[in-house]
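Note sheet for the following structure.
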Amino acid sequence: MTEARAPATPPIRHSPIWTRAFHSLNLLVLLVMAASGLQIYNANPVFGGRGGATVPELLALGGWLAGGRDWHFGFMGLYALNLGVWIALLIGQRRRRLADTGDLGTLKVSQNRAKRRLSAHRLVYTLMLILLAFGLITGLAMYKPAQFWWLSGLFSFGEAFGATSWQTLRVAHFATIPAIALLMLTHVVLSWRIGGLRLLRSMFA
Amino acid sequence: MAQQAATTDSSQLNRRQLLGLGVSGGSSLLLGGCALNGLNESVGNATQPLNERIEALMQGKGPVPLFRRDQVDPKHLLVNSFNGVPQLDPARYRLRVDGLVSRPMSLDLAALAALPQHELVMRHVCVEGWAAIVAWSGVRLADVLALAGISSLGGYLAIDSADQYFETWDIASALHPQTLLATAMNGAPLPAVNGAPVRLATPIKLGYKLSKWVTGLKVMASLGDRRGTWEDQGYEWFAGL
């Protein structure tokens, strides 16, 4: 019976409008922040300084340093607002969405695939929030190092290894790009294994 | 029934198109960012006024903490020059102070040396991304402006340099107790490449606001067409830290 009706796939159950809006907005904001960030990187590479290897201009947004700063500081408000609303929404649903120590146990010992997937997802959500907040904090500490001197000062731990607190801060801020990209990839792969393209589509359109 | 299928089909197509649009939009942002570079100024203009107001608000909270002398790292201070290194004769050097002041004046280095001297061990932050801890010493810009008697109408300060570099500042930042006209760096007389004999130094502004080879200060009621050598190219004007 189901065989006969196979061509008519069940309609996609769309995610709530706010989930879809946040996914699109997040993707856009993260792409702009990363691309304009790489433009700023190129003015004085974090690794190697003046004369260090730069990122291909194709991946950078803004054309030159001032343009990159226009985009980066233009979108930082959206990034912060987006993150704030997201944290508020997730905390509202923390029992379902945010990881706790039980999830680590589930991943270690559980044989139940559905439970494992759910735990992995919650872990990714939680890590993503922490990373996004870390990006904001390290960014603020470099954007306003005089006003947020106490924030910039937290990064003086690098001095024990011969790195100035400024260089530690630059590396930490830059590291959020590969870290968030990796987490995003994990998030997409996990979702793909659950619902394939159909789930992915339900998240954006 | 057929109609239902048709509408489902077309709505799916729409969704597919929408998804495609999103993906291609995202990738074009990533790969063809150049096309968006024309919007740089619009994005900047839309957000900078609010950002600058927040910056000015935060900066109004007074002096910022400084560093210890042993944290000075001379090798991290890179040199940027817009138009070579002018060699100024200290004996013939004069600092012109005019505009909206009650006593326009021309100060030589001895007159500057006679004013109270201050040292700032501060983080010197370049817009390019690097930073260095530097000990600048000299006189407070506020003391020099007080000597000339600044008018209450003066809202801005224009700073001329021997190499034709030009800057404008808001008067509050110029009068900040940690804004210096520096004549020495790390305990030694200011080297020519770092702005000898007189340059600006403050922990509250980005490096491109800190003019070297300063020769003239003009107090103004409003900003003119020229806001600064780099600002006129697209950099932020307030540039607070």
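Chain identifiers are assigned as A, B, and so on, following the order in which chains appear in the structure tokens; residues are numbered from 1 within each chain, and ligands are numbered from 1 in order of appearance.
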
Each chain A residue no farther than 9 Å from chain B, nearest pair in Å, only C-alpha atoms, as CSV:
residue,atom,partner,partner_atom,distance
A:Ala8,CA,B:Ala5,CA,9.0
A:Pro11,CA,B:Thr8,CA,8.6
A:Ser24,CA,B:Gly22,CA,8.1
A:Leu27,CA,B:Gly26,CA,7.9
A:Leu28,CA,B:Gly26,CA,7.0
A:Leu31,CA,B:Leu30,CA,7.0
A:Val32,CA,B:Leu29,CA,7.7
A:Ala35,CA,B:Leu30,CA,6.8
A:Ile40,CA,B:Glu128,CA,7.1
A:Tyr41,CA,B:Gly129,CA,7.4
A:Asn42,CA,B:Glu128,CA,8.5
A:Ala43,CA,B:Glu128,CA,5.1
A:Asn44,CA,B:Glu128,CA,5.5
A:Pro45,CA,B:Gly129,CA,8.1
A:Val46,CA,B:Gly129,CA,8.0
A:Gly49,CA,B:Trp130,CA,7.8
A:Glu57,CA,B:Cys34,CA,8.6
A:Leu58,CA,B:Leu31,CA,5.5
A:Leu59,CA,B:Leu30,CA,5.6
A:Ala60,CA,B:Gly33,CA,6.6
A:Leu61,CA,B:Gly33,CA,5.1
A:Gly62,CA,B:Asn37,CA,4.8
A:Gly63,CA,B:Asn37,CA,5.9
A:Trp64,CA,B:Asn37,CA,8.9
A:Leu65,CA,B:Glu128,CA,7.4
A:Ala66,CA,B:Tyr235,CA,5.2
A:Gly67,CA,B:Asn40,CA,5.2
A:Gly68,CA,B:Asn40,CA,7.6
A:Arg69,CA,B:Gly44,CA,8.2
A:Asp70,CA,B:Gly44,CA,4.5
A:Trp71,CA,B:Val43,CA,6.2
A:Phe73,CA,B:Thr47,CA,7.7
A:Gly74,CA,B:Thr47,CA,5.3
A:Phe75,CA,B:Thr47,CA,8.3
A:Gly77,CA,B:Thr47,CA,8.6
A:Met142,CA,B:Leu241,CA,8.4
A:Tyr143,CA,B:Leu241,CA,6.5
A:Lys144,CA,B:Leu241,CA,4.4
A:Pro145,CA,B:Leu241,CA,5.9
A:Ala146,CA,B:Leu241,CA,5.3
A:Gln147,CA,B:Met58,CA,6.6
A:Phe148,CA,B:Leu241,CA,8.9
A:Trp149,CA,B:Pro65,CA,7.2
A:Thr164,CA,B:Ala132,CA,8.9
A:Trp166,CA,B:Ala131,CA,6.8
A:Gln167,CA,B:Trp130,CA,8.1
A:Arg170,CA,B:Gly129,CA,8.2
A:Arg201,CA,B:Leu19,CA,7.0
A:Phe204,CA,B:Leu19,CA,6.7
A:Ala205,CA,B:Arg15,CA,5.7

Using only C-alpha atoms, find each residue in region 38-120 of chain B having at least one atom no more than 9 Å away from region 177-190 of chain B; report its shortest atom-to-atom pair and that distance in Å (one decimal), rows by chain then rising number, as a Markdown table.
| residue | atom | partner | partner_atom | distance |
| --- | --- | --- | --- | --- |
| B:Gly62 | CA | B:Pro177 | CA | 8.2 |
| B:Pro63 | CA | B:Gln178 | CA | 6.6 |
| B:Val64 | CA | B:Gln178 | CA | 8.1 |
| B:Arg69 | CA | B:Asn186 | CA | 8.6 |
| B:Val72 | CA | B:Asn186 | CA | 7.7 |
| B:Pro74 | CA | B:Asn186 | CA | 8.1 |
| B:Leu109 | CA | B:Thr183 | CA | 9.0 |
| B:Leu112 | CA | B:Leu181 | CA | 8.9 |
| B:Ala113 | CA | B:Thr183 | CA | 8.9 |
| B:His118 | CA | B:Leu180 | CA | 7.9 |
| B:Glu119 | CA | B:Leu180 | CA | 8.6 |
| B:Leu120 | CA | B:Gln178 | CA | 7.3 |

How would the residues just picked look written out with C-alpha atoms as an mmCIF file, in the first residue's frame?
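Writing done, so here's out25.cif:
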data_model
loop_
_atom_site.group_PDB
_atom_site.id
_atom_site.type_symbol
_atom_site.label_atom_id
_atom_site.label_comp_id
_atom_site.auth_asym_id
_atom_site.auth_seq_id
_atom_site.Cartn_x
_atom_site.Cartn_y
_atom_site.Cartn_z
ATOM 1 C CA GLY B 62 37.741 59.065 32.746
ATOM 2 C CA PRO B 63 41.324 57.799 32.693
ATOM 3 C CA VAL B 64 42.039 54.250 31.534
ATOM 4 C CA ARG B 69 57.301 50.080 32.608
ATOM 5 C CA VAL B 72 57.171 47.978 27.285
ATOM 6 C CA PRO B 74 59.824 48.271 21.638
ATOM 7 C CA LEU B 109 60.517 73.281 22.639
ATOM 8 C CA LEU B 112 56.884 72.903 26.130
ATOM 9 C CA ALA B 113 59.649 71.625 28.438
ATOM 10 C CA HIS B 118 53.852 63.293 32.311
ATOM 11 C CA GLU B 119 54.587 59.708 31.311
ATOM 12 C CA LEU B 120 52.068 57.248 29.874
#

Open item on the list: Based on the backbone DSSP call, show me all residues of region 8-218 of chain B assigned strand (DSSP E or B), as a count of residues only.
Closed with: 57

TODO: List every residue of region 74-233 of chain B that DSSP, applied to the backbone, labels as alpha helix (DSSP H), and write the result as a list in words.
DONE: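 The alpha helix (DSSP H) subset of region 74-233 of chain B is Leu109, Ala110, Ala111, Leu112, Ala113, Leu141, Ala142, Asp143, Val144, Leu145, Ala146, Leu147, Ala148, Ile171, Ala172, Ser173 and Ala174 of chain B.
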
- [ ] Rank nothing, just name the residue among A:His72, A:Leu123, A:Phe157, A:Trp18 nearest to Leu140 (chain A), using only C-alpha atoms.
- [x] A:His72

- [ ] Compile the contact shell of Asp89 (chain B) as a VMD selection string: residues with an atom at most 12 Å away, counting only C-alpha atoms, same-chain residues fewer than 3 positions apart removed.
- [x] chain B and resid 86 92 to 94 108 to 109 162 192 196 to 198 213

Open item on the list: Considering only C-alpha atoms, can you say which of A:Asn26, A:Ser202, A:Thr176, A:Asn82 comes closest to Ile130 (chain A)?
Closed with: A:Thr176

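Residues within 9 Å of Val124 (chain A), counting only C-alpha atoms and excluding same-chain residues fewer than 2 positions away, are Leu98, Ala99, Ser119, Ala120, His121, Arg122, Thr126, Leu127, Met128, Leu129, Leu183, Met184, Thr186 and His187 of chain A.
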
Open item on the list: Which residues are close to Asp98 (chain B), i.e. within 12 Å by only C-alpha atoms, leaving aside same-chain residues fewer than 4 positions away? Reply as a list in words.
Closed with: Ser102, Arg103, Pro104, Met105, Ser106, Leu107, Val144, Leu145, Ala146, Leu147, Ala148, Gly149, Ile150, Ser151, Gly154, Leu157, Ala158, Ile159, Asp160, Thr215, Gly216, Leu217, Lys218, Val219 and Met220 of chain B

Could you dump the residues just selected with C-alpha atoms as a compact mmCIF listing (two decimals), in the first residue's frame?
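Dumped everything to selection.txt:
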# COMPACT_ATOMS: atom_id res chain seq x y z
CA SER B 102 42.01 83.96 23.31
CA ARG B 103 45.83 83.99 23.00
CA PRO B 104 47.09 82.53 19.70
CA MET B 105 50.68 81.48 20.25
CA SER B 106 53.75 79.88 18.84
CA LEU B 107 55.61 77.65 21.30
CA VAL B 144 48.89 73.61 26.07
CA LEU B 145 45.31 74.42 25.05
CA ALA B 146 44.68 76.03 28.46
CA LEU B 147 47.75 78.21 27.95
CA ALA B 148 46.20 79.54 24.75
CA GLY B 149 42.79 79.97 26.40
CA ILE B 150 40.38 77.81 24.49
CA SER B 151 36.94 79.26 23.67
CA GLY B 154 35.64 75.15 20.39
CA LEU B 157 40.75 70.40 17.18
CA ALA B 158 42.58 70.28 13.83
CA ILE B 159 46.15 68.96 13.95
CA ASP B 160 48.67 69.81 11.23
CA THR B 215 53.37 71.62 13.94
CA GLY B 216 49.98 73.23 14.37
CA LEU B 217 46.85 73.04 16.53
CA LYS B 218 43.70 74.87 15.50
CA VAL B 219 40.57 75.00 17.68
CA MET B 220 37.40 74.98 15.57

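Of note, CA of Leu136 (chain A) and CA of Met33 (chain A) are spaced 10.9 Å apart.
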
Task: Point-to-point distance in Å for CA of Asp103 (chain A) and CA of Leu118 (chain A) - done: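 Between CA of Leu118 (chain A) and CA of Asp103 (chain A) the gap is 8.5 Å.
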
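Between CA of Tyr208 (chain B) and CA of Asn83 (chain B) lies a distance of 13.4 Å.
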